[in-house]
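Peer 1: Please read through the structure below; I'll follow up with questions.
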Amino acid sequence: MTLPDTAGGAPLLEKGLLSLLSPGGAKGLSILIYHRVLPHKDPLFPSEVDAAEFSAQIAMLKSRFNVLPLIDAVRRARAGTLPARAAAITFDDGYADNAEVALPLLQRHGLHATFFVATGFLNGGRMWNDSVYELVRRAPDGVLDATPLGLGSHPLHTIGDRQRAIPALIGQLKYLPIAERQRQVDRLVALAGVTLPDDLMMTSAQVRKLHAAGMGIGAHTVNHPILARLPDDEARREIAQGKHALEELIDARVPLFAYPNGKPGEDYEARHVAMARELQFEGAVSTSWGASRARPDLFQLPRFTPWDRSRLRFVLRMARNLTTSAQLA
């Protein structure tokens, strides 16, 4: 963990970088995306943020940006009253560590985050990609021969082998129709002969815990499909039912939506933006990089993934993000 590069003139350099790339305190909105915050480093995913790194990152963010709840940022952007260097923190999918690891750190720093939850995986469910991650983690040393499934053969002798096998399998499965993809994943699990965990995602109680703590709860569909691959009625149902299920769960309105995967023109299209408006969300977020400017499209807000381990590099990436314009659907 190397984020706290605070010795010497680092704070002045950070301030200078932000001033240079956002002169006059430009009124851009930087929205950070996280998925998981692990208690400790995972050898299989060394780049995944752990608790110490997350704490250091949000402390830096608080020291250099005006961190707002995302719903407040959306409303202030609509009104034209965003402060300079506004920022918001978001989480996607609904992992259990969001409630157990990230929440206490957010509370310690006095910060707010919005958690976009795919409701179909609550209470013991598991996203298909996590099934792939975990079956590769748990498979015995040797070779995972998935050629009968048309998915190739993958050596699993070392951590490096397993790190290469995961994206190779994910890439072949990602854009299959939901039912076919799940069948293939189930076959892979059987082929590997492993038992997978059922506690990766949040329970209903953990979602309520986040809401009770004052955090934002946002919709993220039911099953996390690629909306662009669905018929319109099915896509609309996914969005609407996810929203309704969360509103029933927390007994409150859910005003924000995150497009699954979130690449404009590839994972969602203009018709899905129209659906989000019609379903009376106040705003929606994509995964296009950049910071929103002036009066942005509140239903295609770009977001930024912070992955740097050096504090100075983290600040530099944040500063560069302020100069990036998102490509929208």
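Labels used: A, B, ... for chains in the order of the structure tokens, numbers from 1 for residues in each chain, and numbers from 1 for ligands as shown.
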Give me the residues within 6 Å of range 111-128 of chain A as an mmCIF file with N, CA, C and O atoms, in the first residue's frame, counting only C-alpha atoms and dropping any in the same chain fewer than 6 places off.
Peer 2:
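Heads up, here's the output in out-v1.cif:
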data_model
loop_
_atom_site.group_PDB
_atom_site.id
_atom_site.type_symbol
_atom_site.label_atom_id
_atom_site.label_comp_id
_atom_site.auth_asym_id
_atom_site.auth_seq_id
_atom_site.Cartn_x
_atom_site.Cartn_y
_atom_site.Cartn_z
ATOM 1 N N PRO A 69 -22.975 13.746 -1.880
ATOM 2 C CA PRO A 69 -23.823 12.619 -2.264
ATOM 3 C C PRO A 69 -24.184 12.765 -3.747
ATOM 4 O O PRO A 69 -24.444 13.887 -4.224
ATOM 5 N N ILE A 89 -18.864 9.468 -4.863
ATOM 6 C CA ILE A 89 -18.352 8.106 -4.775
ATOM 7 C C ILE A 89 -19.492 7.135 -5.049
ATOM 8 O O ILE A 89 -20.579 7.269 -4.462
ATOM 9 N N THR A 90 -19.257 6.162 -5.940
ATOM 10 C CA THR A 90 -20.277 5.155 -6.226
ATOM 11 C C THR A 90 -19.690 3.756 -6.176
ATOM 12 O O THR A 90 -18.492 3.557 -6.384
ATOM 13 N N PHE A 91 -20.561 2.783 -5.900
ATOM 14 C CA PHE A 91 -20.234 1.358 -5.939
ATOM 15 C C PHE A 91 -21.249 0.659 -6.837
ATOM 16 O O PHE A 91 -22.443 0.988 -6.797
ATOM 17 N N ASP A 92 -20.790 -0.320 -7.595
ATOM 18 C CA ASP A 92 -21.683 -1.068 -8.478
ATOM 19 C C ASP A 92 -21.832 -2.516 -8.032
ATOM 20 O O ASP A 92 -20.892 -3.123 -7.512
ATOM 21 N N ASP A 93 -22.996 -3.054 -8.258
ATOM 22 C CA ASP A 93 -23.338 -4.482 -8.230
ATOM 23 C C ASP A 93 -23.933 -4.952 -6.916
ATOM 24 O O ASP A 93 -24.891 -5.721 -6.913
ATOM 25 N N GLY A 94 -23.366 -4.575 -5.771
ATOM 26 C CA GLY A 94 -23.969 -4.991 -4.507
ATOM 27 C C GLY A 94 -23.197 -6.038 -3.736
ATOM 28 O O GLY A 94 -23.774 -6.968 -3.166
ATOM 29 N N ASP A 198 -21.372 -18.543 -1.428
ATOM 30 C CA ASP A 198 -22.699 -17.938 -1.598
ATOM 31 C C ASP A 198 -22.869 -16.680 -0.748
ATOM 32 O O ASP A 198 -23.980 -16.247 -0.474
ATOM 33 N N ASP A 199 -21.729 -16.081 -0.347
ATOM 34 C CA ASP A 199 -21.798 -14.901 0.519
ATOM 35 C C ASP A 199 -21.066 -13.692 -0.071
ATOM 36 O O ASP A 199 -20.701 -12.767 0.652
ATOM 37 N N MET A 201 -22.319 -11.502 -2.300
ATOM 38 C CA MET A 201 -23.211 -10.366 -2.514
ATOM 39 C C MET A 201 -23.962 -10.032 -1.225
ATOM 40 O O MET A 201 -24.039 -10.834 -0.298
ATOM 41 N N MET A 202 -24.536 -8.843 -1.197
ATOM 42 C CA MET A 202 -25.237 -8.388 -0.001
ATOM 43 C C MET A 202 -26.516 -9.175 0.269
ATOM 44 O O MET A 202 -27.137 -9.711 -0.638
ATOM 45 N N THR A 203 -26.888 -9.177 1.516
ATOM 46 C CA THR A 203 -28.214 -9.615 1.922
ATOM 47 C C THR A 203 -29.143 -8.398 1.924
ATOM 48 O O THR A 203 -28.684 -7.243 1.881
ATOM 49 N N MET A 215 -26.539 6.273 3.444
ATOM 50 C CA MET A 215 -25.943 6.103 2.120
ATOM 51 C C MET A 215 -27.031 6.066 1.043
ATOM 52 O O MET A 215 -28.192 5.794 1.324
ATOM 53 N N GLY A 216 -26.625 6.335 -0.193
ATOM 54 C CA GLY A 216 -27.567 6.291 -1.303
ATOM 55 C C GLY A 216 -27.694 4.883 -1.847
ATOM 56 O O GLY A 216 -26.706 4.146 -1.944
ATOM 57 N N ILE A 217 -28.913 4.494 -2.198
ATOM 58 C CA ILE A 217 -29.167 3.203 -2.840
ATOM 59 C C ILE A 217 -29.690 3.492 -4.247
ATOM 60 O O ILE A 217 -30.665 4.228 -4.419
ATOM 61 N N GLY A 218 -29.000 2.931 -5.248
ATOM 62 C CA GLY A 218 -29.385 3.151 -6.633
ATOM 63 C C GLY A 218 -29.716 1.845 -7.325
ATOM 64 O O GLY A 218 -29.268 0.769 -6.918
ATOM 65 N N ALA A 219 -30.500 1.925 -8.405
ATOM 66 C CA ALA A 219 -30.918 0.744 -9.159
ATOM 67 C C ALA A 219 -29.858 0.358 -10.182
ATOM 68 O O ALA A 219 -29.162 1.218 -10.740
ATOM 69 N N HIS A 220 -29.776 -0.961 -10.446
ATOM 70 C CA HIS A 220 -28.753 -1.486 -11.364
ATOM 71 C C HIS A 220 -29.296 -2.708 -12.110
ATOM 72 O O HIS A 220 -28.550 -3.621 -12.421
ATOM 73 N N THR A 221 -30.620 -2.690 -12.362
ATOM 74 C CA THR A 221 -31.398 -3.784 -12.942
ATOM 75 C C THR A 221 -31.531 -4.938 -11.945
ATOM 76 O O THR A 221 -31.066 -4.853 -10.806
ATOM 77 N N VAL A 222 -32.163 -6.027 -12.421
ATOM 78 C CA VAL A 222 -32.307 -7.230 -11.602
ATOM 79 C C VAL A 222 -31.116 -8.166 -11.825
ATOM 80 O O VAL A 222 -30.417 -8.541 -10.895
ATOM 81 N N ASN A 223 -30.866 -8.501 -13.093
ATOM 82 C CA ASN A 223 -29.889 -9.538 -13.435
ATOM 83 C C ASN A 223 -28.608 -9.018 -14.074
ATOM 84 O O ASN A 223 -27.817 -9.813 -14.575
ATOM 85 N N GLY A 242 -35.912 -3.790 -11.004
ATOM 86 C CA GLY A 242 -34.815 -3.532 -10.082
ATOM 87 C C GLY A 242 -35.111 -2.336 -9.191
ATOM 88 O O GLY A 242 -34.865 -2.367 -7.980
#
Peer 1: Which of these residues is nearest to Leu135 in chain A, using only C-alpha atoms: A:Thr195, A:Gln241, A:Ser292, A:Gln280?
Peer 2: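 For Leu135 in chain A, the nearest of the candidates is A:Thr195.
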Peer 1: Contacts of Phe45 in chain A at 10 Å or less, counting only C-alpha atoms, minus same-chain residues fewer than 3 places along, as a PyMOL selection string?
Peer 2: chain A and resi 41-42+48-49+133+159+163
Peer 1: Got a sec to tell me which of range 43-147 of chain A DSSP assigns to alpha helix (DSSP H), as a PyMOL selection string?
Peer 2: chain A and resi 51-64+70-79+96-97+103-109+128-138
Peer 1: Which residue gives the smallest distance to Asp233 in chain A among A:Ala87, A:Leu298, A:Met275, A:Ala284, with only C-alpha atoms counted?
Peer 2: A:Met275
Peer 1: Quick one: pick out all strand (DSSP E or B) residues within range 36-217 of chain A from a backbone DSSP run and write them as number ranges by chain.
Peer 2: A: 38, 42, 45, 50, 66-67, 86-93, 95, 113-117, 143-145, 153-155, 201, 216-217
Peer 1: I'd like to know which of A:Ala86, A:Lys243, A:Pro231, A:Glu134 is closest to Arg64 in chain A, using only C-alpha atoms.
Peer 2: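 Looking at the shortest contact to Arg64 in chain A, the residue is A:Ala86.
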Peer 1: For range 138-142 of chain A, please output as a list in words all residues within 7 Å (counting only C-alpha atoms; exclusion window: fewer than 6 positions along the same chain).
Peer 2: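 Everything that qualifies: Pro155, Leu156, His157, Ala192 and Val194 of chain A.
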